[in-house]
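What's in structure11.cif: mmCIF, C-alpha atoms and all ligand atoms; chains and numbers go by the auth columns
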```cif
data_upload
loop_
_atom_site.group_PDB
_atom_site.id
_atom_site.type_symbol
_atom_site.label_atom_id
_atom_site.label_comp_id
_atom_site.label_asym_id
_atom_site.label_seq_id
_atom_site.Cartn_x
_atom_site.Cartn_y
_atom_site.Cartn_z
_atom_site.B_iso_or_equiv
_atom_site.auth_seq_id
_atom_site.auth_asym_id
ATOM 1 C CA MET A 1 -92.956 -66.735 40.855 0.00 1 A
ATOM 2 C CA TYR A 2 -93.267 -63.544 42.811 0.00 2 A
ATOM 3 C CA HIS A 3 -95.986 -62.515 45.200 0.00 3 A
ATOM 4 C CA HIS A 4 -96.455 -59.045 46.638 0.00 4 A
ATOM 5 C CA VAL A 5 -97.643 -58.575 50.220 0.00 5 A
ATOM 6 C CA LYS A 6 -99.235 -55.188 50.947 0.00 6 A
ATOM 7 C CA LYS A 7 -96.964 -54.333 53.845 0.00 7 A
ATOM 8 C CA LEU A 8 -93.583 -52.736 54.181 0.00 8 A
ATOM 9 C CA MET A 9 -90.748 -54.791 55.585 0.00 9 A
ATOM 10 C CA TYR A 10 -90.056 -51.936 58.018 0.00 10 A
ATOM 11 C CA ASN A 11 -92.421 -49.230 59.163 0.00 11 A
ATOM 12 C CA VAL A 12 -91.519 -45.897 57.583 0.00 12 A
ATOM 13 C CA ASN A 13 -92.317 -42.788 59.560 0.00 13 A
ATOM 14 C CA VAL A 14 -90.899 -39.475 58.360 0.00 14 A
ATOM 15 C CA GLY A 15 -91.290 -36.495 60.684 0.00 15 A
ATOM 16 C CA GLU A 16 -90.005 -33.616 58.595 0.00 16 A
ATOM 17 C CA PRO A 17 -89.758 -34.149 54.830 0.00 17 A
ATOM 18 C CA ASP A 18 -86.408 -33.034 53.435 0.00 18 A
ATOM 19 C CA VAL A 19 -86.207 -32.945 49.651 0.00 19 A
ATOM 20 C CA ARG A 20 -82.425 -32.669 49.636 0.00 20 A
ATOM 21 C CA PHE A 21 -82.088 -35.756 51.807 0.00 21 A
ATOM 22 C CA GLY A 22 -84.614 -37.613 49.649 0.00 22 A
ATOM 23 C CA LYS A 23 -82.405 -36.892 46.683 0.00 23 A
ATOM 24 C CA MET A 24 -79.409 -38.419 48.468 0.00 24 A
ATOM 25 C CA LEU A 25 -81.513 -41.463 49.326 0.00 25 A
ATOM 26 C CA LEU A 26 -81.862 -42.069 45.592 0.00 26 A
ATOM 27 C CA GLU A 27 -78.370 -43.577 45.816 0.00 27 A
ATOM 28 C CA GLN A 28 -79.950 -46.544 47.582 0.00 28 A
ATOM 29 C CA PHE A 29 -82.810 -46.729 45.095 0.00 29 A
ATOM 30 C CA GLY A 30 -81.332 -46.322 41.614 0.00 30 A
ATOM 31 C CA GLY A 31 -77.643 -45.950 42.480 0.00 31 A
ATOM 32 C CA ALA A 32 -74.616 -48.174 41.974 0.00 32 A
ATOM 33 C CA ASN A 33 -74.730 -49.676 45.482 0.00 33 A
ATOM 34 C CA GLY A 34 -78.468 -49.426 45.880 0.00 34 A
ATOM 35 C CA GLU A 35 -81.190 -51.943 46.543 0.00 35 A
ATOM 36 C CA LEU A 36 -82.242 -52.526 42.945 0.00 36 A
ATOM 37 C CA ALA A 37 -78.662 -53.317 41.997 0.00 37 A
ATOM 38 C CA ALA A 38 -78.395 -55.757 44.928 0.00 38 A
ATOM 39 C CA ALA A 39 -81.761 -57.356 44.150 0.00 39 A
ATOM 40 C CA MET A 40 -80.898 -57.835 40.487 0.00 40 A
ATOM 41 C CA GLN A 41 -77.336 -59.004 41.107 0.00 41 A
ATOM 42 C CA TYR A 42 -78.321 -61.792 43.518 0.00 42 A
ATOM 43 C CA THR A 43 -81.505 -62.778 41.685 0.00 43 A
ATOM 44 C CA ILE A 44 -79.855 -63.080 38.278 0.00 44 A
ATOM 45 C CA GLN A 45 -76.962 -65.000 39.873 0.00 45 A
ATOM 46 C CA GLY A 46 -79.522 -67.245 41.560 0.00 46 A
ATOM 47 C CA TRP A 47 -81.375 -67.996 38.333 0.00 47 A
ATOM 48 C CA SER A 48 -78.071 -69.149 36.829 0.00 48 A
ATOM 49 C CA CYS A 49 -76.884 -71.114 39.861 0.00 49 A
ATOM 50 C CA ASP A 50 -76.873 -74.925 39.597 0.00 50 A
ATOM 51 C CA ASP A 51 -76.097 -75.483 43.278 0.00 51 A
ATOM 52 C CA PRO A 52 -79.508 -75.834 44.965 0.00 52 A
ATOM 53 C CA GLU A 53 -78.534 -74.624 48.462 0.00 53 A
ATOM 54 C CA ARG A 54 -76.619 -71.568 47.309 0.00 54 A
ATOM 55 C CA ARG A 55 -79.232 -70.855 44.664 0.00 55 A
ATOM 56 C CA ASP A 56 -81.825 -70.691 47.415 0.00 56 A
ATOM 57 C CA LEU A 57 -79.612 -68.331 49.421 0.00 57 A
ATOM 58 C CA LEU A 58 -79.237 -66.037 46.402 0.00 58 A
ATOM 59 C CA MET A 59 -82.996 -66.052 45.858 0.00 59 A
ATOM 60 C CA ASP A 60 -83.743 -65.434 49.552 0.00 60 A
ATOM 61 C CA ILE A 61 -81.467 -62.433 49.734 0.00 61 A
ATOM 62 C CA GLY A 62 -82.265 -61.146 46.240 0.00 62 A
ATOM 63 C CA THR A 63 -85.939 -61.148 47.173 0.00 63 A
ATOM 64 C CA GLU A 64 -85.305 -59.398 50.499 0.00 64 A
ATOM 65 C CA GLU A 65 -83.463 -56.664 48.603 0.00 65 A
ATOM 66 C CA ILE A 66 -86.625 -55.933 46.610 0.00 66 A
ATOM 67 C CA SER A 67 -88.377 -55.422 49.943 0.00 67 A
ATOM 68 C CA HIS A 68 -85.575 -53.041 50.919 0.00 68 A
ATOM 69 C CA LEU A 69 -86.071 -51.187 47.635 0.00 69 A
ATOM 70 C CA GLU A 70 -89.721 -50.769 48.573 0.00 70 A
ATOM 71 C CA VAL A 71 -88.799 -49.337 51.993 0.00 71 A
ATOM 72 C CA VAL A 72 -86.237 -46.929 50.484 0.00 72 A
ATOM 73 C CA GLY A 73 -88.817 -45.941 47.863 0.00 73 A
ATOM 74 C CA ALA A 74 -91.396 -45.206 50.580 0.00 74 A
ATOM 75 C CA LEU A 75 -88.862 -43.044 52.424 0.00 75 A
ATOM 76 C CA ILE A 76 -87.959 -41.118 49.273 0.00 76 A
ATOM 77 C CA ARG A 77 -91.593 -40.496 48.383 0.00 77 A
ATOM 78 C CA MET A 78 -92.237 -39.011 51.810 0.00 78 A
ATOM 79 C CA HIS A 79 -89.169 -36.791 51.638 0.00 79 A
ATOM 80 C CA PHE A 80 -90.146 -35.655 48.134 0.00 80 A
ATOM 81 C CA LYS A 81 -93.654 -34.538 49.115 0.00 81 A
ATOM 82 C CA PRO A 82 -92.868 -30.786 49.187 0.00 82 A
ATOM 83 C CA MET A 83 -91.660 -30.980 45.582 0.00 83 A
ATOM 84 C CA LYS A 84 -95.149 -31.271 44.219 0.00 84 A
ATOM 85 C CA LYS A 85 -96.190 -27.745 45.171 0.00 85 A
ATOM 86 C CA ALA A 86 -93.295 -25.557 46.212 0.00 86 A
ATOM 87 C CA LEU A 87 -90.992 -24.106 43.593 0.00 87 A
ATOM 88 C CA ALA A 88 -87.985 -23.990 45.932 0.00 88 A
ATOM 89 C CA ALA A 89 -88.383 -27.720 46.696 0.00 89 A
ATOM 90 C CA ALA A 90 -88.897 -28.582 43.020 0.00 90 A
ATOM 91 C CA GLU A 91 -85.733 -26.697 42.159 0.00 91 A
ATOM 92 C CA GLU A 92 -83.736 -29.158 44.260 0.00 92 A
ATOM 93 C CA ASP A 93 -84.316 -31.728 41.537 0.00 93 A
ATOM 94 C CA PRO A 94 -86.252 -30.575 38.461 0.00 94 A
ATOM 95 C CA LEU A 95 -85.784 -33.993 36.856 0.00 95 A
ATOM 96 C CA VAL A 96 -87.714 -35.641 39.668 0.00 96 A
ATOM 97 C CA ALA A 97 -90.167 -32.785 40.209 0.00 97 A
ATOM 98 C CA VAL A 98 -91.077 -31.928 36.635 0.00 98 A
ATOM 99 C CA THR A 99 -90.426 -35.098 34.651 0.00 99 A
ATOM 100 C CA GLY A 100 -91.322 -37.532 37.404 0.00 100 A
ATOM 101 C CA GLY A 101 -93.999 -35.554 39.258 0.00 101 A
ATOM 102 C CA GLY A 102 -92.094 -35.907 42.525 0.00 102 A
ATOM 103 C CA GLY A 103 -92.428 -39.686 42.370 0.00 103 A
ATOM 104 C CA LEU A 104 -89.938 -42.526 42.132 0.00 104 A
ATOM 105 C CA ASN A 105 -87.712 -43.190 39.200 0.00 105 A
ATOM 106 C CA LEU A 106 -84.569 -45.215 38.751 0.00 106 A
ATOM 107 C CA PHE A 107 -81.968 -42.504 39.080 0.00 107 A
ATOM 108 C CA ASN A 108 -79.075 -42.031 41.442 0.00 108 A
ATOM 109 C CA SER A 109 -78.648 -38.890 43.538 0.00 109 A
ATOM 110 C CA MET A 110 -77.162 -37.026 40.575 0.00 110 A
ATOM 111 C CA GLY A 111 -79.913 -37.985 38.147 0.00 111 A
ATOM 112 C CA ASN A 112 -77.941 -40.649 36.297 0.00 112 A
ATOM 113 C CA PRO A 113 -80.183 -43.493 35.164 0.00 113 A
ATOM 114 C CA TRP A 114 -79.797 -46.920 36.753 0.00 114 A
ATOM 115 C CA THR A 115 -77.785 -49.279 34.589 0.00 115 A
ATOM 116 C CA ALA A 116 -77.205 -53.019 34.507 0.00 116 A
ATOM 117 C CA ASP A 117 -73.522 -52.095 34.317 0.00 117 A
ATOM 118 C CA TYR A 118 -73.715 -51.740 38.103 0.00 118 A
ATOM 119 C CA LEU A 119 -74.140 -55.500 38.408 0.00 119 A
ATOM 120 C CA LYS A 120 -71.228 -57.828 39.059 0.00 120 A
ATOM 121 C CA ILE A 121 -72.240 -61.238 37.778 0.00 121 A
ATOM 122 C CA ALA A 122 -69.334 -63.548 36.994 0.00 122 A
ATOM 123 C CA GLY A 123 -71.160 -66.852 36.600 0.00 123 A
ATOM 124 C CA GLU A 124 -68.709 -68.596 38.960 0.00 124 A
ATOM 125 C CA LEU A 125 -70.246 -69.217 42.365 0.00 125 A
ATOM 126 C CA ASP A 126 -67.289 -68.389 44.603 0.00 126 A
ATOM 127 C CA VAL A 127 -66.418 -65.297 42.546 0.00 127 A
ATOM 128 C CA ASP A 128 -70.028 -64.131 42.716 0.00 128 A
ATOM 129 C CA LEU A 129 -70.184 -64.672 46.471 0.00 129 A
ATOM 130 C CA ARG A 130 -67.142 -62.416 46.795 0.00 130 A
ATOM 131 C CA ASN A 131 -68.877 -59.870 44.539 0.00 131 A
ATOM 132 C CA ASN A 132 -71.842 -60.010 46.884 0.00 132 A
ATOM 133 C CA ILE A 133 -69.791 -59.642 50.069 0.00 133 A
ATOM 134 C CA ALA A 134 -68.241 -56.513 48.522 0.00 134 A
ATOM 135 C CA ALA A 135 -71.684 -55.235 47.443 0.00 135 A
ATOM 136 C CA GLU A 136 -73.003 -55.635 50.994 0.00 136 A
ATOM 137 C CA ALA A 137 -70.004 -53.778 52.410 0.00 137 A
ATOM 138 C CA ARG A 138 -70.666 -50.899 49.997 0.00 138 A
ATOM 139 C CA ALA A 139 -74.371 -50.838 50.841 0.00 139 A
ATOM 140 C CA LYS A 140 -73.556 -50.815 54.563 0.00 140 A
ATOM 141 C CA ILE A 141 -71.197 -47.858 54.358 0.00 141 A
ATOM 142 C CA THR A 142 -73.623 -45.935 52.125 0.00 142 A
ATOM 143 C CA TYR A 143 -76.409 -46.341 54.707 0.00 143 A
ATOM 144 C CA GLU A 144 -74.047 -45.299 57.474 0.00 144 A
ATOM 145 C CA ARG A 145 -73.160 -42.096 55.615 0.00 145 A
ATOM 146 C CA LEU A 146 -76.795 -41.339 54.926 0.00 146 A
ATOM 147 C CA MET A 147 -77.559 -41.792 58.620 0.00 147 A
ATOM 148 C CA HIS A 148 -75.014 -39.104 59.483 0.00 148 A
ATOM 149 C CA LEU A 149 -76.825 -36.668 57.192 0.00 149 A
ATOM 150 C CA THR A 150 -80.288 -36.710 58.740 0.00 150 A
ATOM 151 C CA ASP A 151 -81.690 -35.905 62.161 0.00 151 A
ATOM 152 C CA ASP A 152 -85.123 -37.291 61.364 0.00 152 A
ATOM 153 C CA ARG A 153 -85.794 -40.051 63.920 0.00 153 A
ATOM 154 C CA GLY A 154 -88.098 -42.183 61.759 0.00 154 A
ATOM 155 C CA THR A 155 -85.765 -41.972 58.775 0.00 155 A
ATOM 156 C CA LYS A 156 -82.781 -42.921 60.919 0.00 156 A
ATOM 157 C CA ASP A 157 -84.670 -45.917 62.365 0.00 157 A
ATOM 158 C CA ALA A 158 -85.530 -47.257 58.914 0.00 158 A
ATOM 159 C CA LEU A 159 -81.948 -46.739 57.717 0.00 159 A
ATOM 160 C CA GLN A 160 -80.600 -48.506 60.823 0.00 160 A
ATOM 161 C CA PHE A 161 -82.788 -51.496 59.962 0.00 161 A
ATOM 162 C CA LEU A 162 -81.635 -51.546 56.334 0.00 162 A
ATOM 163 C CA MET A 163 -77.987 -51.076 57.295 0.00 163 A
ATOM 164 C CA THR A 164 -78.190 -53.945 59.768 0.00 164 A
ATOM 165 C CA ARG A 165 -79.683 -56.313 57.205 0.00 165 A
ATOM 166 C CA GLU A 166 -76.703 -55.692 54.904 0.00 166 A
ATOM 167 C CA ILE A 167 -74.380 -57.052 57.572 0.00 167 A
ATOM 168 C CA THR A 168 -76.693 -60.041 57.987 0.00 168 A
ATOM 169 C CA HIS A 169 -76.377 -60.671 54.260 0.00 169 A
ATOM 170 C CA MET A 170 -72.626 -60.231 54.417 0.00 170 A
ATOM 171 C CA LYS A 171 -72.509 -62.931 57.090 0.00 171 A
ATOM 172 C CA ALA A 172 -74.684 -65.254 55.005 0.00 172 A
ATOM 173 C CA PHE A 173 -72.631 -64.767 51.812 0.00 173 A
ATOM 174 C CA SER A 174 -69.415 -65.278 53.794 0.00 174 A
ATOM 175 C CA ALA A 175 -70.818 -68.480 55.301 0.00 175 A
ATOM 176 C CA ALA A 176 -71.772 -69.713 51.824 0.00 176 A
ATOM 177 C CA LEU A 177 -68.285 -68.951 50.516 0.00 177 A
ATOM 178 C CA ASP A 178 -66.654 -70.767 53.457 0.00 178 A
ATOM 179 C CA SER A 179 -68.987 -73.730 52.978 0.00 179 A
ATOM 180 C CA LEU A 180 -67.554 -74.311 49.510 0.00 180 A
ATOM 181 C CA GLY A 181 -64.318 -75.328 51.275 0.00 181 A
ATOM 182 C CA LYS A 182 -62.145 -73.771 48.603 0.00 182 A
ATOM 183 C CA ASP A 183 -58.648 -72.465 49.085 0.00 183 A
ATOM 184 C CA PRO A 184 -59.313 -68.710 49.187 0.00 184 A
ATOM 185 C CA PHE A 185 -56.706 -68.044 46.479 0.00 185 A
ATOM 186 C CA SER A 186 -57.894 -70.753 44.157 0.00 186 A
ATOM 187 C CA ILE A 187 -60.101 -69.063 41.565 0.00 187 A
ATOM 188 C CA GLY A 188 -61.286 -70.981 38.532 0.00 188 A
ATOM 189 C CA LYS A 189 -59.411 -74.072 37.341 0.00 189 A
ATOM 190 C CA LEU A 190 -56.121 -72.875 35.852 0.00 190 A
ATOM 191 C CA PRO A 191 -53.316 -72.610 38.415 0.00 191 A
ATOM 192 C CA PRO A 192 -51.348 -69.363 38.604 0.00 192 A
ATOM 193 C CA THR A 193 -47.668 -69.432 37.566 0.00 193 A
ATOM 194 C CA PRO A 194 -45.558 -70.733 40.478 0.00 194 A
ATOM 195 C CA GLY A 195 -42.980 -68.241 41.754 0.00 195 A
ATOM 196 C CA LEU A 196 -44.503 -65.282 39.951 0.00 196 A
ATOM 197 C CA VAL A 197 -47.627 -65.613 42.029 0.00 197 A
ATOM 198 C CA ASP A 198 -45.651 -64.987 45.232 0.00 198 A
ATOM 199 C CA GLU A 199 -43.716 -61.919 44.080 0.00 199 A
ATOM 200 C CA TYR A 200 -44.841 -58.635 45.549 0.00 200 A
ATOM 201 C CA TYR A 201 -43.415 -55.737 43.548 0.00 201 A
ATOM 202 C CA ASN A 202 -42.276 -52.741 45.505 0.00 202 A
ATOM 203 C CA ASP A 203 -43.396 -50.377 42.763 0.00 203 A
ATOM 204 C CA SER A 204 -43.820 -47.196 44.763 0.00 204 A
ATOM 205 C CA THR A 205 -40.422 -46.259 46.173 0.00 205 A
ATOM 206 C CA GLY A 206 -38.362 -43.346 47.444 0.00 206 A
ATOM 207 C CA GLU A 207 -39.292 -40.585 49.797 0.00 207 A
ATOM 208 C CA GLY A 208 -41.165 -37.371 49.086 0.00 208 A
ATOM 209 C CA GLU A 209 -44.019 -35.079 49.946 0.00 209 A
ATOM 210 C CA VAL A 210 -46.584 -37.797 49.486 0.00 210 A
ATOM 211 C CA GLY A 211 -44.941 -40.376 51.721 0.00 211 A
ATOM 212 C CA LYS A 212 -42.012 -42.713 52.002 0.00 212 A
ATOM 213 C CA ASP A 213 -41.202 -46.234 50.939 0.00 213 A
ATOM 214 C CA GLY A 214 -42.061 -49.011 53.300 0.00 214 A
ATOM 215 C CA VAL A 215 -43.674 -52.379 52.978 0.00 215 A
ATOM 216 C CA GLY A 216 -45.481 -53.742 56.005 0.00 216 A
ATOM 217 C CA LYS A 217 -44.222 -57.006 57.481 0.00 217 A
ATOM 218 C CA TRP A 218 -47.748 -58.342 57.056 0.00 218 A
ATOM 219 C CA ILE A 219 -47.222 -58.452 53.296 0.00 219 A
ATOM 220 C CA GLU A 220 -45.305 -61.701 53.742 0.00 220 A
ATOM 221 C CA LYS A 221 -48.390 -63.489 54.884 0.00 221 A
ATOM 222 C CA ASN A 222 -49.844 -65.902 52.325 0.00 222 A
ATOM 223 C CA GLY A 223 -46.423 -66.774 50.942 0.00 223 A
ATOM 224 C CA LEU A 224 -45.617 -63.405 49.380 0.00 224 A
ATOM 225 C CA HIS A 225 -42.120 -61.963 49.308 0.00 225 A
ATOM 226 C CA VAL A 226 -41.045 -58.458 48.359 0.00 226 A
ATOM 227 C CA VAL A 227 -39.184 -57.879 45.093 0.00 227 A
ATOM 228 C CA ASP A 228 -37.696 -54.455 44.324 0.00 228 A
ATOM 229 C CA SER A 229 -39.224 -52.631 41.412 0.00 229 A
ATOM 230 C CA PRO A 230 -39.182 -54.969 38.392 0.00 230 A
ATOM 231 C CA PHE A 231 -38.876 -51.976 36.105 0.00 231 A
ATOM 232 C CA SER A 232 -35.589 -50.669 37.517 0.00 232 A
ATOM 233 C CA PHE A 233 -33.353 -53.065 35.554 0.00 233 A
ATOM 234 C CA ASP A 234 -31.221 -51.774 32.712 0.00 234 A
ATOM 235 C CA GLY A 235 -31.107 -53.538 29.404 0.00 235 A
ATOM 236 C CA GLY A 236 -33.198 -56.631 29.003 0.00 236 A
ATOM 237 C CA SER A 237 -35.911 -57.193 26.519 0.00 237 A
ATOM 238 C CA SER A 238 -38.589 -54.757 25.523 0.00 238 A
ATOM 239 C CA GLY A 239 -40.945 -57.657 25.992 0.00 239 A
ATOM 240 C CA LEU A 240 -42.302 -57.237 22.491 0.00 240 A
ATOM 241 C CA THR A 241 -42.373 -60.235 20.190 0.00 241 A
ATOM 242 C CA VAL A 242 -43.444 -60.900 16.635 0.00 242 A
ATOM 243 C CA ASN A 243 -44.409 -64.460 15.814 0.00 243 A
ATOM 244 C CA GLY A 244 -42.772 -65.616 19.010 0.00 244 A
ATOM 245 C CA LYS A 245 -39.338 -64.204 18.112 0.00 245 A
ATOM 246 C CA SER A 246 -37.406 -62.241 20.721 0.00 246 A
ATOM 247 C CA GLY A 247 -38.991 -61.411 24.003 0.00 247 A
ATOM 248 C CA LYS A 248 -37.534 -62.649 27.197 0.00 248 A
ATOM 249 C CA SER A 249 -39.884 -62.774 30.059 0.00 249 A
ATOM 250 C CA GLY A 250 -39.932 -59.536 31.994 0.00 250 A
ATOM 251 C CA HIS A 251 -40.753 -61.571 35.065 0.00 251 A
ATOM 252 C CA ALA A 252 -38.538 -60.461 37.906 0.00 252 A
ATOM 253 C CA LYS A 253 -37.177 -63.818 38.996 0.00 253 A
ATOM 254 C CA GLU A 254 -36.171 -64.884 35.515 0.00 254 A
ATOM 255 C CA SER A 255 -34.521 -61.555 34.738 0.00 255 A
ATOM 256 C CA GLY A 256 -32.081 -62.294 37.507 0.00 256 A
ATOM 257 C CA LYS A 257 -31.213 -58.625 37.912 0.00 257 A
ATOM 258 C CA LEU A 258 -33.448 -57.799 40.728 0.00 258 A
ATOM 259 C CA LYS A 259 -32.778 -57.875 44.371 0.00 259 A
ATOM 260 C CA THR A 260 -35.114 -60.113 46.241 0.00 260 A
ATOM 261 C CA ALA A 261 -35.799 -59.027 49.770 0.00 261 A
HETATM 262 MN MN MN B . -80.551 -54.139 51.085 0.00 301 A
HETATM 263 MN MN MN B . -78.095 -56.854 51.374 0.00 302 A
#
```
What do you get writing this file as structure tokens?
Ligand code: MN
Ligand code: MN
Amino acid sequence: MYHHVKKLMYNVNVGEPDVRFGKMLLEQFGGANGELAAAMQYTIQGWSCDDPERRDLLMDIGTEEISHLEVVGALIRMHFKPMKKALAAAEEDPLVAVTGGGGLNLFNSMGNPWTADYLKIAGELDVDLRNNIAAEARAKITYERLMHLTDDRGTKDALQFLMTREITHMKAFSAALDSLGKDPFSIGKLPPTPGLVDEYYNDSTGEGEVGKDGVGKWIEKNGLHVVDSPFSFDGGSSGLTVNGKSGKSGHAKESGKLKTA
């Protein structure tokens, strides 16, 4: 059950309306990393979640995101005010000005309609928590970029609040993921193929205008070891089989022709 309180989660105070900036703010309203996408992603995950504690977390944060959507919407409406009367302002976004009367609609900054395709819902709690940590990181960086593009004090204050809350959420989702106590590389139930799982293919080699070959020492963390390009061997199988005939594994270790670092 939802209940609306006639308040904004953060006080919105715009000094100088800026239609062009309002249009960019649409990214956080009806855009891929925006508040509606976050609200829907966490809420729909929450409705499907059988784990009561994490379900509650998803519902808490999903609901807060709707409050963020309301704050972003209030900001956009204030920045769009000049669109209602001035031709030059309306020309900044005829879709909003003429079709939408200068009001809110679920578009991104380029006028593309919001789509459920933005949502990452895997139906596996740890995978979804990772989806959400990534979503929060994207929301954070989007707010940061928006903040660099306005000098309006009140707008900046509201964006600072919203940006901060995304880090709070990132912390909460990370805590929930940690609390599951899962090996971070154990996803689902089927184990990965031993050996193959630890091969890191050095697939971009040589030296040229766009850089030179080099694999950081850090790559060997987590049990990985470097294998030279698996596609440099001569001969071997095409890897194609019909009814199980022919087809050796193209897997580097089994091919035996590759140098292992
Ligand atoms: Mn948010
Ligand atoms: Mn968030």
Interface rows for chain A against ligand MN 301 (chain A): nearest pair, Å to one decimal, 6 Å, all atoms listed in the file, as JSON lines:
```
{"residue": "A:Glu35", "atom": "CA", "partner": "A:MN301", "partner_atom": "MN", "distance": 5.1}
{"residue": "A:Glu65", "atom": "CA", "partner": "A:MN301", "partner_atom": "MN", "distance": 4.6}
{"residue": "A:His68", "atom": "CA", "partner": "A:MN301", "partner_atom": "MN", "distance": 5.1}
{"residue": "A:Leu162", "atom": "CA", "partner": "A:MN301", "partner_atom": "MN", "distance": 6.0}
{"residue": "A:Glu166", "atom": "CA", "partner": "A:MN301", "partner_atom": "MN", "distance": 5.6}
```
Selection from above, C-alpha atoms, as a PDB file, in the frame of the given file, can you write it?
```
ATOM      1  CA  GLU A  35     -81.190 -51.943  46.543  1.00  0.00           C
ATOM      2  CA  GLU A  65     -83.463 -56.664  48.603  1.00  0.00           C
ATOM      3  CA  HIS A  68     -85.575 -53.041  50.919  1.00  0.00           C
ATOM      4  CA  LEU A 162     -81.635 -51.546  56.334  1.00  0.00           C
ATOM      5  CA  GLU A 166     -76.703 -55.692  54.904  1.00  0.00           C
TER       6      GLU A 166
END
```
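With the cut-off set to 8 Å and all atoms listed in the file counted, the residues surrounding ligand MN 302 (chain A) are Glu35, Ala38, Ile61, Gly62, Glu64, Glu65, Ala135, Glu136, Ala139, Arg165, Glu166, Ile167, Thr168, His169 and Met170 of chain A.
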* segment 186-201 of chain A surroundings by only C-alpha atoms, 6 Å radius, close-in-sequence under 5 positions cut, as a ChimeraX atom specification -> /A:224-229
* Near-Leu25 of chain A list (9 Å; all atoms listed in the file; drop same-chain fewer than 3 positions) as a PyMOL selection string -> chain A and resi 20-22+28-29+72-73+75-76+108-109+143+146
* Asked: Which neighbours of Asp126 of chain A fall inside 12 Å, counting all atoms listed in the file, when residues of the same chain fewer than 5 positions from it are skipped, and could you give them as a ChimeraX atom specification?
  -> /A:45,49,51,54,121,131-133,173-188
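Residues in contact with Lys81 of chain A at up to 12 Å, not including ones fewer than 3 positions away on its chain and judged by only C-alpha atoms, are Val14, Gly15, Glu16, Pro17, Asp18, Val19, Arg20, Phe21, Gly22, Lys23, Ala74, Leu75, Ile76, Arg77, Met78, Lys84, Lys85, Ala86, Ala89, Ala90, Val96, Ala97, Gly101, Gly102, Gly103 and Leu104 of chain A.
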Using all atoms listed in the file, which residues sit within 10 Å of Thr63 of chain A once same-chain residues fewer than 5 positions away are excluded, as an mmCIF file with C-alpha atoms, keeping the file's coordinate frame?
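The resulting selection33.cif:
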```cif
data_model
loop_
_atom_site.group_PDB
_atom_site.id
_atom_site.type_symbol
_atom_site.label_atom_id
_atom_site.label_comp_id
_atom_site.auth_asym_id
_atom_site.auth_seq_id
_atom_site.Cartn_x
_atom_site.Cartn_y
_atom_site.Cartn_z
ATOM 1 C CA TYR A 2 -93.267 -63.544 42.811
ATOM 2 C CA ALA A 38 -78.395 -55.757 44.928
ATOM 3 C CA ALA A 39 -81.761 -57.356 44.150
ATOM 4 C CA MET A 40 -80.898 -57.835 40.487
ATOM 5 C CA TYR A 42 -78.321 -61.792 43.518
ATOM 6 C CA THR A 43 -81.505 -62.778 41.685
ATOM 7 C CA LEU A 57 -79.612 -68.331 49.421
ATOM 8 C CA LEU A 58 -79.237 -66.037 46.402
ATOM 9 C CA HIS A 68 -85.575 -53.041 50.919
ATOM 10 C CA LEU A 69 -86.071 -51.187 47.635
#
```
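One finds atom CA of Leu119 of chain A at 29.1 Å from atom CA of Val98 of chain A.
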* **Nearest to Ala32 of chain A, chosen from A:Phe161, A:Trp218, A:Tyr10, A:Phe107, with only C-alpha atoms counted in the distances** => A:Phe107
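Using all atoms listed in the file, the smallest distance between any of A:Glu53, A:Asp117, A:Glu92, A:Asn105 and Gln41 of chain A comes from A:Asp117.
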* To do: Record the distance separating atom CA of Ala137 of chain A and atom CA of Ala172 of chain A, expressed in Å with one decimal.
  => 12.7 Å
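Atom pair atom CA of Asp50 of chain A / atom CA of Ala37 of chain A has a distance of 21.8 Å (rounded to one decimal).
Distance check against Met24 of chain A using all atoms listed in the file: of A:Leu87, A:Met110, A:Ala134, A:Ala158, the minimum falls on A:Met110.
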Would you give the centre and edge lengths, in Å to one decimal, of a box along x, y and z around the listed atoms of segment 162-167 of chain A, with 6 Å added to each side, as JSON?
```
{"center_x": -78.0, "center_y": -54.1, "center_z": 57.3, "size_x": 19.3, "size_y": 18.0, "size_z": 16.9}
```
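Closest approach to Met83 of chain A among A:Lys6, A:Asn243, A:Gly100, A:Ile141 is made by A:Gly100 (distances from all atoms listed in the file).
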